[in-house]
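Asks: First the structure, which I've put down as structure tokens, then a few questions once you've had a look.
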Amino acid sequence: MNERLDAALKRYAQVCASIEDPDIVKNQNKYREVMKEYSFLSAVASKQKEIENLDLELEQTRTLISDEKDPQIKELAREELRELEEKRAKVADEQKTLLVPKDPLDEKNIIMEIRAGTGGEEAALFVADLYRMYSRFAETKGWKFEIMTINETELGGYKEIIFSINGDHVYENLRYESGAHRVQRVPETEASGRIHTSAVTVAVLPEMEETEIEIKQEDLRIDVMRAGGPGGQCVNTTDSAVRITHLPTGLVVIQQDEKSQVKNKAKALRVLRARLFELEESKKNAERSAERKSQVGKGDRSERIRTYNFPQNRLTDHRINLTLYKLDLIMQGVCGELFDALKLSAKNDL
């Protein structure tokens with residue numbers, strides 16, 4: 001960590017000098033890159049200055065304790081010393097978090113897929129609840145989201161919903177949502193008041209650009225068909241629905257929500273690129289699974305990551321042994337504490 005800090009402070013001095021370079025100021029793209037790096041490095045340098053000031057205060061306080069004869073003043077100094085030590089430890093942890101190497105995927109937009117698992121209609125209703133939770137959280141962050149595919153049930157639940165979220169550091173905040181989510185509650189349709197357990201699966205896929213994931217045209221089979229609604233009802237009379245099959249992997253994506261065949265094809269390709277990237281990452285993760293130390297998890301959809309217990313207003317994340325008795329607030333999109341705990345746990349494992 002000391003090597004990272006020394007390198008960051010050295011680079012900070014270089015960036016500060018380059019900001020004054022007229023050639024860089026004239027080049028807007030280069031200037032934005034430099035300012036982005038400056039913003040990060042100045043935060044590291046600011047923490048370092050704070051640590052140095054605290055070290056000076058600590059030294060002065062220890063000297064006072066050593067030299068002071070008055071027992072009351074000495075006790076006050078000891079109390080101040082404890083507070084200063086706690087503050088320094090906190091600032092040092094904050095600086096350490098800043099210095100953890102950034103994952104290049106953190107700034108990616110995402111495609112999120114939520115599907116009903118065991119539990120029938122109750123699972124489908126919980127898919128809708130989770131979608132609302134994520135969309136409300138996205139609103140608080142100023143992110144934009146777009147529904148790509150939705151398969152509704154008669155009672156207002158979703159068998160499946162696929163949507164994209166665009167904004168700053170979306171993947172960094174939501175990457176640990178991949179996995180199996182278990183819900184325990186009394187369904188609205190349950191007359192006897194018995195608690196039912198059901199499950200849904202969530203996949204969080206970083207959205208990849210065309211230049212990042214190459215898809216060869218000869219590897220695709222594209223079928224067009226008439227879009228259908230619930231119960232086989234036809235939602236339009238044109239062949240606008242698109243099914244794309246990636247022949248080398250067997251991955252199939254169906255898109256029918258748009259009335260335009262061109263738009264459905266474009267959305268289907270976005271989903272296919274994200275799934276192909278996930279498939280490749282899963283292979284890499286499997287190869288290095290024996291070396292992994294992170295307790296947050298691999299993002300495997302079959303891995304049970306969390307339980308939502310509505311009768312007890314309790315949420316438990318099993319990967320980091322975190323329990324919060326504020327499920328009602330979390331389901332309204334107040335998820336910052338949960339997501340921050342997952343990010344911190346992952347960084348501490350690095």
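As shown in the structure tokens, the chain order sets the letters A, B, ...; within each chain, residues go from 1, and ligands are also counted from 1 in the order they appear.
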Where in region 135-217 of chain A does DSSP assign strand (DSSP E), given as a VMD selection string?
Replies: chain A and resid 144 to 152 158 to 166 179 to 185 196 to 206
Asks: Show me a table, sorted first by chain and then by increasing residue number, of the residues of region 103-128 of chain A having an atom at most 10 Å from region 205-224 of chain A, each with its shortest atom pair and the distance in Å to one decimal, counting only C-alpha atoms and written as a tab-separated table.
Replies:
residue	atom	partner	partner_atom	distance
A:Leu105	CA	A:Pro206	CA	7.0
A:Asp106	CA	A:Pro206	CA	8.6
A:Glu107	CA	A:Pro206	CA	9.1
A:Lys108	CA	A:Pro206	CA	5.8
A:Asn109	CA	A:Glu207	CA	5.5
A:Ile110	CA	A:Pro206	CA	4.4
A:Ile111	CA	A:Leu205	CA	5.1
A:Met112	CA	A:Leu205	CA	6.1
A:Glu113	CA	A:Leu205	CA	8.2
Asks: For Lys102 (chain A), which of A:Glu172, A:Val15, A:Phe145, A:Asp239 is the closest residue, counting only C-alpha atoms?
Replies: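 Looking at the shortest contact to Lys102 (chain A), the residue is A:Glu172.
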Asks: List every residue of region 39-277 of chain A that DSSP, applied to the backbone of this structure, assigns to helix (DSSP H, G or I), and report them as a ChimeraX atom specification.
Replies: /A:39-67,71-99,120-141,170-177,217-219,230-232,261-277
Asks: Measuring between only C-alpha atoms, which one of A:Tyr12, A:Phe126, A:Tyr31, A:Tyr171 shows the shortest distance to Tyr308 (chain A)?
Replies: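 Of A:Tyr12, A:Phe126, A:Tyr31, A:Tyr171, the one nearest Tyr308 (chain A), counting only C-alpha atoms, is A:Phe126.
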